[in-house]
file query-v3.txt (compact mmCIF, C-alpha atoms)
# COMPACT_ATOMS: atom_id res chain seq x y z
CA MET F 1 49.67 -228.51 -107.92
CA ASN F 2 48.36 -231.57 -106.22
CA SER F 3 45.71 -230.62 -103.67
CA SER F 4 44.60 -234.21 -103.21
CA LYS F 5 47.64 -235.12 -101.12
CA ARG F 6 46.57 -236.56 -97.80
CA VAL F 7 48.14 -236.62 -94.38
CA GLU F 8 49.81 -239.96 -95.16
CA ASP F 9 51.57 -238.38 -98.17
CA PHE F 10 53.67 -236.19 -95.89
CA SER F 11 56.20 -237.05 -93.28
CA LEU F 12 54.59 -235.71 -90.12
CA ASP F 13 57.85 -236.18 -88.26
CA ALA F 14 59.64 -234.01 -90.80
CA LEU F 15 56.90 -231.37 -90.70
CA ARG F 16 56.84 -231.33 -86.90
CA SER F 17 60.59 -230.97 -86.72
CA GLY F 18 60.47 -227.90 -88.98
CA ASP F 19 61.83 -229.50 -92.19
CA ARG F 20 61.63 -226.65 -94.75
CA ALA F 21 61.59 -228.91 -97.82
CA GLU F 22 58.67 -230.92 -96.49
CA PHE F 23 56.86 -227.73 -95.52
CA ALA F 24 57.35 -226.39 -99.07
CA LEU F 25 55.67 -229.54 -100.38
CA LEU F 26 52.78 -228.99 -98.00
CA VAL F 27 52.40 -225.37 -99.12
CA ASP F 28 52.44 -226.40 -102.77
CA ALA F 29 49.79 -229.03 -102.15
CA TYR F 30 47.35 -226.73 -100.39
CA TYR F 31 47.93 -223.04 -101.21
CA GLU F 32 45.44 -222.95 -104.08
CA MET F 33 42.73 -224.54 -101.94
CA ILE F 34 43.29 -221.96 -99.19
CA TYR F 35 43.41 -219.03 -101.62
CA ARG F 36 40.08 -220.09 -103.14
CA LEU F 37 38.49 -220.24 -99.70
CA ALA F 38 39.89 -216.83 -98.78
CA ILE F 39 38.87 -215.02 -101.97
CA LYS F 40 35.30 -216.27 -101.64
CA MET F 41 35.20 -215.25 -97.97
CA VAL F 42 36.51 -211.71 -98.43
CA ASN F 43 36.03 -211.01 -102.18
CA ASN F 44 39.27 -209.04 -102.44
CA PRO F 45 42.50 -210.45 -103.92
CA GLN F 46 44.89 -208.54 -101.64
CA ASP F 47 43.02 -209.48 -98.47
CA ALA F 48 42.74 -213.08 -99.67
CA GLU F 49 46.50 -213.18 -100.17
CA ASP F 50 47.09 -211.81 -96.67
CA ILE F 51 44.84 -214.54 -95.25
CA LEU F 52 46.68 -217.16 -97.31
CA GLN F 53 50.07 -216.03 -96.01
CA GLU F 54 48.93 -215.77 -92.39
CA THR F 55 47.40 -219.25 -92.62
CA PHE F 56 50.72 -220.86 -93.59
CA ILE F 57 52.73 -218.75 -91.13
CA LYS F 58 50.45 -220.00 -88.33
CA ALA F 59 50.51 -223.54 -89.72
CA TYR F 60 54.32 -223.61 -89.67
CA ARG F 61 54.36 -222.24 -86.14
CA HIS F 62 51.87 -224.82 -84.86
CA LEU F 63 52.82 -227.90 -86.88
CA LYS F 64 54.72 -229.31 -83.93
CA ASN F 65 51.37 -229.55 -82.12
CA PHE F 66 49.48 -231.17 -85.03
CA ASP F 67 48.27 -234.47 -83.60
CA GLY F 68 47.12 -236.05 -86.89
CA ARG F 69 43.60 -236.71 -85.59
CA SER F 70 42.14 -234.65 -88.42
CA SER F 71 43.46 -234.52 -91.97
CA LEU F 72 46.00 -231.85 -92.82
CA SER F 73 43.50 -230.21 -95.16
CA THR F 74 40.87 -230.01 -92.39
CA TRP F 75 43.47 -228.58 -90.04
CA LEU F 76 44.56 -225.97 -92.62
CA TYR F 77 40.95 -225.12 -93.41
CA ARG F 78 40.39 -224.54 -89.68
CA ILE F 79 43.29 -222.09 -89.49
CA ALA F 80 42.22 -220.34 -92.70
CA THR F 81 38.55 -219.98 -91.74
CA ASN F 82 39.59 -218.52 -88.39
CA GLU F 83 41.87 -216.07 -90.17
CA ALA F 84 39.08 -215.08 -92.59
CA LEU F 85 36.51 -214.70 -89.80
CA MET F 86 38.94 -212.62 -87.73
CA PHE F 87 39.54 -210.43 -90.77
CA LEU F 88 35.79 -209.90 -91.18
CA ARG F 89 35.47 -209.21 -87.47
CA ARG F 90 38.11 -206.48 -87.72
CA GLN F 91 36.10 -204.96 -90.57
CA LYS F 92 32.75 -205.09 -88.76
CA PRO F 93 33.44 -205.84 -85.11
CA ASP F 94 29.79 -206.22 -84.08
CA THR F 95 28.78 -208.84 -86.59
CA VAL F 96 31.19 -211.76 -86.39
CA SER F 97 31.61 -214.48 -83.86
CA VAL F 98 33.79 -217.44 -84.77
CA ASP F 99 31.92 -219.57 -82.23
CA GLU F 100 28.49 -218.23 -83.03
CA SER F 101 25.81 -220.56 -81.69
CA LEU F 102 23.20 -222.21 -83.83
CA ASP F 103 20.66 -219.63 -82.77
CA THR F 104 21.92 -216.82 -84.97
CA GLY F 105 18.71 -214.89 -84.84
CA GLU F 106 18.51 -215.34 -88.58
CA GLY F 107 15.29 -217.20 -89.20
CA GLU F 108 14.46 -219.11 -92.35
CA VAL F 109 14.57 -216.80 -95.32
CA GLU F 110 11.05 -216.34 -96.53
CA PRO F 111 10.88 -216.33 -100.35
CA LEU F 112 9.46 -212.99 -101.36
CA GLN F 113 10.06 -213.19 -105.06
CA ILE F 114 8.50 -215.93 -107.13
CA ILE F 115 10.07 -215.44 -110.54
CA ASP F 116 11.13 -218.36 -112.69
CA TRP F 117 14.53 -217.23 -113.95
CA SER F 118 16.12 -220.67 -113.92
CA SER F 119 15.50 -221.20 -117.63
CA LEU F 120 17.46 -218.10 -118.69
CA PRO F 121 20.20 -219.04 -121.20
CA GLU F 122 23.46 -220.24 -119.66
CA GLU F 123 25.49 -217.41 -121.23
CA GLU F 124 23.27 -214.89 -119.46
CA LEU F 125 23.34 -216.77 -116.15
CA MET F 126 27.14 -216.96 -116.21
CA SER F 127 28.01 -213.65 -117.89
CA ALA F 128 31.00 -211.74 -116.48
CA GLU F 129 28.59 -209.25 -114.90
CA ALA F 130 26.53 -212.06 -113.36
CA GLN F 131 29.64 -213.61 -111.82
CA VAL F 132 30.52 -210.34 -110.13
CA TYR F 133 26.98 -210.30 -108.73
CA LEU F 134 27.27 -213.91 -107.55
CA ASP F 135 30.34 -212.96 -105.50
CA LYS F 136 28.69 -209.80 -104.15
CA ALA F 137 25.68 -211.85 -103.04
CA VAL F 138 27.96 -214.18 -101.04
CA GLY F 139 29.43 -211.07 -99.40
CA LYS F 140 25.96 -210.11 -98.17
CA LEU F 141 25.67 -213.30 -96.14
CA SER F 142 26.51 -213.01 -92.46
CA PRO F 143 29.99 -214.44 -91.81
CA SER F 144 28.57 -217.48 -89.98
CA LEU F 145 26.39 -218.38 -92.97
CA ARG F 146 29.04 -217.41 -95.50
CA VAL F 147 31.71 -219.67 -94.08
CA VAL F 148 29.42 -222.70 -94.16
CA PHE F 149 28.26 -221.91 -97.70
CA VAL F 150 31.83 -221.43 -98.96
CA LEU F 151 33.08 -224.66 -97.39
CA ARG F 152 30.12 -226.75 -98.60
CA ASP F 153 29.12 -225.30 -101.96
CA ILE F 154 32.31 -223.63 -103.17
CA GLN F 155 35.02 -225.85 -101.70
CA GLY F 156 32.88 -228.98 -101.93
CA LEU F 157 33.45 -230.26 -98.39
CA ALA F 158 31.07 -232.82 -96.94
CA THR F 159 28.73 -231.83 -94.11
CA ARG F 160 30.79 -233.84 -91.61
CA GLU F 161 34.09 -232.26 -92.64
CA THR F 162 32.57 -228.76 -92.58
CA ALA F 163 31.33 -229.46 -89.05
CA GLU F 164 34.81 -230.63 -88.08
CA VAL F 165 36.52 -227.54 -89.55
CA LEU F 166 34.16 -225.16 -87.74
CA ASP F 167 33.73 -227.26 -84.60
CA ILE F 168 29.95 -227.12 -84.82
CA SER F 169 27.34 -229.88 -85.16
CA GLU F 170 26.31 -231.35 -88.50
CA THR F 171 22.78 -230.10 -87.80
CA ALA F 172 24.13 -226.56 -87.45
CA VAL F 173 25.95 -226.94 -90.79
CA LYS F 174 22.75 -228.09 -92.52
CA THR F 175 20.66 -225.30 -90.98
CA ARG F 176 23.15 -222.57 -91.88
CA LEU F 177 23.62 -223.96 -95.38
CA SER F 178 19.85 -223.96 -95.94
CA ARG F 179 19.58 -220.34 -94.78
CA ALA F 180 22.54 -219.26 -96.89
CA ARG F 181 21.21 -220.94 -100.03
CA LEU F 182 17.70 -219.48 -99.58
CA GLN F 183 19.14 -216.01 -99.03
CA LEU F 184 21.31 -216.33 -102.14
CA ARG F 185 18.32 -217.55 -104.16
CA GLU F 186 16.52 -214.40 -103.10
CA GLU F 187 19.47 -212.21 -104.12
CA LEU F 188 19.84 -213.93 -107.48
CA THR F 189 16.10 -213.69 -108.10
CA SER F 190 16.37 -209.90 -107.74
CA TYR F 191 19.24 -209.84 -110.22
CA TYR F 192 18.04 -212.32 -112.83
CA GLY F 193 14.42 -211.21 -112.45
CA GLU F 194 15.51 -207.80 -113.72
CA ARG F 195 17.16 -209.45 -116.73
CA LEU F 196 14.02 -211.43 -117.40
CA ARG F 197 11.94 -208.26 -117.45
CA ALA F 198 14.45 -206.37 -119.62
CA MET K 1 4.39 -217.16 -99.84
CA ASP K 2 1.98 -217.59 -96.92
CA HIS K 3 0.56 -221.06 -97.34
CA HIS K 4 1.24 -223.10 -94.21
CA GLN K 5 2.56 -226.13 -96.10
CA CYS K 6 4.85 -223.98 -98.26
CA ARG K 7 6.46 -222.53 -95.14
CA HIS K 8 6.64 -225.96 -93.56
CA MET K 9 8.77 -227.46 -96.34
CA LEU K 10 11.06 -224.46 -96.82
CA GLY K 11 13.64 -225.58 -94.28
CA SER K 12 13.89 -229.04 -95.89
CA LEU K 13 14.48 -227.92 -99.49
CA SER K 14 18.25 -227.64 -99.16
CA GLU K 15 18.58 -231.25 -97.98
CA TYR K 16 15.98 -232.34 -100.52
CA LEU K 17 18.15 -230.95 -103.33
CA ASP K 18 21.27 -232.57 -101.84
CA GLY K 19 19.46 -235.92 -101.89
CA THR K 20 20.02 -236.39 -98.16
CA LEU K 21 16.44 -235.99 -96.95
CA GLU K 22 14.49 -238.99 -95.62
CA ALA K 23 12.38 -240.73 -98.25
CA GLU K 24 9.13 -239.97 -96.45
CA LEU K 25 9.83 -236.22 -96.38
CA CYS K 26 10.92 -236.30 -100.04
CA ALA K 27 7.62 -237.88 -101.00
CA GLU K 28 5.76 -235.24 -98.99
CA ILE K 29 7.65 -232.44 -100.78
CA GLU K 30 7.07 -234.00 -104.20
CA ARG K 31 3.34 -234.33 -103.51
CA HIS K 32 3.25 -230.67 -102.58
CA LEU K 33 5.28 -229.59 -105.60
CA SER K 34 2.92 -231.34 -107.98
CA ASP K 35 0.22 -229.05 -106.70
CA CYS K 36 2.00 -225.75 -105.96
CA ASP K 37 3.46 -223.71 -108.83
CA ASN K 38 5.10 -221.15 -106.54
CA CYS K 39 7.02 -223.77 -104.59
CA ARG K 40 8.12 -225.45 -107.80
CA ILE K 41 9.59 -222.14 -108.94
CA VAL K 42 11.35 -221.74 -105.59
CA VAL K 43 12.80 -225.26 -105.86
CA ASP K 44 13.92 -224.77 -109.47
CA SER K 45 15.56 -221.42 -108.77
CA LEU K 46 17.17 -222.72 -105.57
CA HIS K 47 18.55 -225.68 -107.52
CA LYS K 48 19.87 -223.29 -110.19
CA THR K 49 21.41 -221.03 -107.53
CA ILE K 50 23.41 -223.92 -106.07
CA SER K 51 24.44 -225.12 -109.51
CA LEU K 52 25.64 -221.64 -110.60
CA TYR K 53 27.86 -221.43 -107.54
CA HIS K 54 29.27 -224.88 -108.26
CA ILE K 55 30.15 -223.74 -111.79
CA SER K 56 31.60 -220.44 -110.55
CA ALA K 57 33.76 -222.32 -108.01
CA GLU K 58 35.44 -224.22 -110.84
CA GLN K 59 36.36 -220.93 -112.52
CA VAL K 60 38.34 -219.42 -109.64
CA SER K 61 41.95 -219.13 -110.71
CA VAL K 62 44.87 -218.26 -108.50
CA PRO K 63 46.99 -215.39 -109.91
CA ASP K 64 50.44 -216.60 -111.07
CA ASP K 65 52.49 -214.50 -108.68
CA VAL K 66 50.57 -215.46 -105.52
CA ARG K 67 52.68 -218.61 -105.06
CA GLU K 68 55.93 -216.71 -105.51
CA ARG K 69 55.02 -214.06 -102.93
CA LEU K 70 53.79 -216.76 -100.54
CA PHE K 71 57.05 -218.72 -100.79
CA HIS K 72 59.01 -215.51 -100.29
CA ARG K 73 56.97 -214.52 -97.22
CA LEU K 74 57.49 -217.99 -95.78
CA GLU K 75 61.24 -217.77 -96.49
CA LEU K 76 60.96 -220.76 -98.79
CA ASP K 77 62.72 -219.04 -101.73
CA ASP K 78 65.07 -222.01 -102.13
CA PHE K 79 62.09 -224.17 -103.06
CA ILE K 80 60.30 -221.78 -105.39
CA ASN K 81 61.37 -223.44 -108.63
CA GLY K 82 59.57 -226.72 -108.43
CA SER K 83 60.26 -229.82 -106.43
CA ALA K 84 61.43 -229.15 -102.92
CA ASN K 85 63.48 -232.35 -103.08
CA GLU K 86 65.67 -230.89 -105.82
CA ALA K 87 66.64 -228.02 -103.56
CA GLN K 88 67.93 -230.30 -100.83
call {"tool": "encode", "arguments": {"input": "query-v3.txt", "output": "structure tokens"}}
result
Amino acid sequence: MNSSKRVEDFSLDALRSGDRAEFALLVDAYYEMIYRLAIKMVNNPQDAEDILQETFIKAYRHLKNFDGRSSLSTWLYRIATNEALMFLRRQKPDTVSVDESLDTGEGEVEPLQIIDWSSLPEEELMSAEAQVYLDKAVGKLSPSLRVVFVLRDIQGLATRETAEVLDISETAVKTRLSRARLQLREELTSYYGERLRA
Amino acid sequence: MDHHQCRHMLGSLSEYLDGTLEAELCAEIERHLSDCDNCRIVVDSLHKTISLYHISAEQVSVPDDVRERLFHRLELDDFINGSANEAQ
């Protein structure tokens, strides 16, 4: 499927007027992108699929209000990240705020473990077991850090686009990304450090 | 890690690795790294962490039947077999 289609590749008039064929093209262009975001946010295929479906149900309902100021992918990402964050909030009501301010109370992660595992062989770093751990480590991030990390380092969005999706400043994106990466480094150091000692 | 300068540069490492940090701060970090083994290990393992996630992102596959169930849920069954234009 072609996920590189841009807003100009679709007829906005057709989408806004509820044209099913044009909407099917939109879904085909973007469903894989949204599924990947969702699975990395919630680490469960069934929940990711629910988020995917809800995202496109809401998109269809609100297309008539899409003003074209952002790209369609940014707009869909915004709906999907809200869906994922609301899902996480339902799971742990006290820990998630979609509009969490920059001051998250999560200071810079202080490196506690100084172990040089980066030269472990690639097959060990990317073993099936290691990949499960990589996903688990993302799940340990607070939702506000996780969503920035997933958009930037998994989905490959630029800082500016991530800021636009989440409606936060670029500085907030950079700060949260830095904290997320340092926390993940710490998690991976625990895991790979064990392998190094084994 | 308790050295003042190590703590000072911690918050800049992410941007340093992205290549988006100002040249002056990059030079400061590189001077420090040439002299601090612990920070070099932190930078190397942070770099590897980011790179492993980039690789793992490329390996995410969408199960075959996800699209079918999505089209069904969206009542787009008429368009499930390929080009939507053909179904018109």
call {"tool": "closest_residue", "arguments": {"input": "query-v3.txt", "among": "K:Gln5, K:Asn81, K:Thr20, K:Asn38", "to": "chain F", "atoms": "all atoms listed in the file"}}
result
K:Asn38
call {"tool": "atom_distance", "arguments": {"input": "query-v3.txt", "atom1": "CA of Glu194 in chain F", "atom2": "CA of His54 in chain K"}}
result
22.6 Å
call {"tool": "interface_residues", "arguments": {"input": "query-v3.txt", "of": "chain F", "to": "chain K", "cutoff": "7 Å", "atoms": "all atoms listed in the file", "output": "short mmCIF file (atom, residue, chain, number, x, y, z; two decimals) with C-alpha atoms, in the coordinates of the input"}}
result
data_model
loop_
_atom_site.label_atom_id
_atom_site.label_comp_id
_atom_site.auth_asym_id
_atom_site.auth_seq_id
_atom_site.Cartn_x
_atom_site.Cartn_y
_atom_site.Cartn_z
CA ALA F 21 61.59 -228.91 -97.82
CA ALA F 24 57.35 -226.39 -99.07
CA LEU F 25 55.67 -229.54 -100.38
CA GLU F 32 45.44 -222.95 -104.08
CA ARG F 36 40.08 -220.09 -103.14
CA GLN F 53 50.07 -216.03 -96.01
CA ILE F 57 52.73 -218.75 -91.13
CA GLU F 108 14.46 -219.11 -92.35
CA PRO F 111 10.88 -216.33 -100.35
CA LEU F 112 9.46 -212.99 -101.36
CA ILE F 114 8.50 -215.93 -107.13
CA ILE F 115 10.07 -215.44 -110.54
CA ASP F 116 11.13 -218.36 -112.69
CA TRP F 117 14.53 -217.23 -113.95
CA SER F 118 16.12 -220.67 -113.92
CA ASP F 153 29.12 -225.30 -101.96
CA ILE F 154 32.31 -223.63 -103.17
CA SER F 178 19.85 -223.96 -95.94
CA LEU F 182 17.70 -219.48 -99.58
CA ARG F 185 18.32 -217.55 -104.16
#
call {"tool": "closest_residue", "arguments": {"input": "query-v3.txt", "among": "F:Lys136, F:His62, F:Arg195, F:Arg176", "to": "Phe149 in chain F", "atoms": "all atoms listed in the file"}}
result
F:Arg176
call {"tool": "atom_distance", "arguments": {"input": "query-v3.txt", "atom1": "CA of Gly18 in chain F", "atom2": "CA of Tyr60 in chain F"}}
result
7.5 Å
call {"tool": "atom_distance", "arguments": {"input": "query-v3.txt", "atom1": "CA of Ile168 in chain F", "atom2": "CA of Met41 in chain F"}}
result
18.5 Å
call {"tool": "closest_residue", "arguments": {"input": "query-v3.txt", "among": "F:Ala128, F:Ala59, F:Leu37, F:Leu72", "to": "Val148 in chain F", "atoms": "only C-alpha atoms"}}
result
F:Leu37
call {"tool": "axis_aligned_box", "arguments": {"input": "query-v3.txt", "around": "range 59-72 of chain F", "padding_each_side": "4 Å", "output": "JSON"}}
result
{"center_x": 48.4, "center_y": -229.5, "center_z": -87.5, "size_x": 20.6, "size_y": 22.5, "size_z": 18.7}
call {"tool": "residues_around", "arguments": {"input": "query-v3.txt", "residues": "Ala130 in chain F", "least_positions_apart": "5", "cutoff": "9 Å", "atoms": "all atoms listed in the file", "output": "PyMOL selection string"}}
result
chain F and resi 124-125+135+191-192
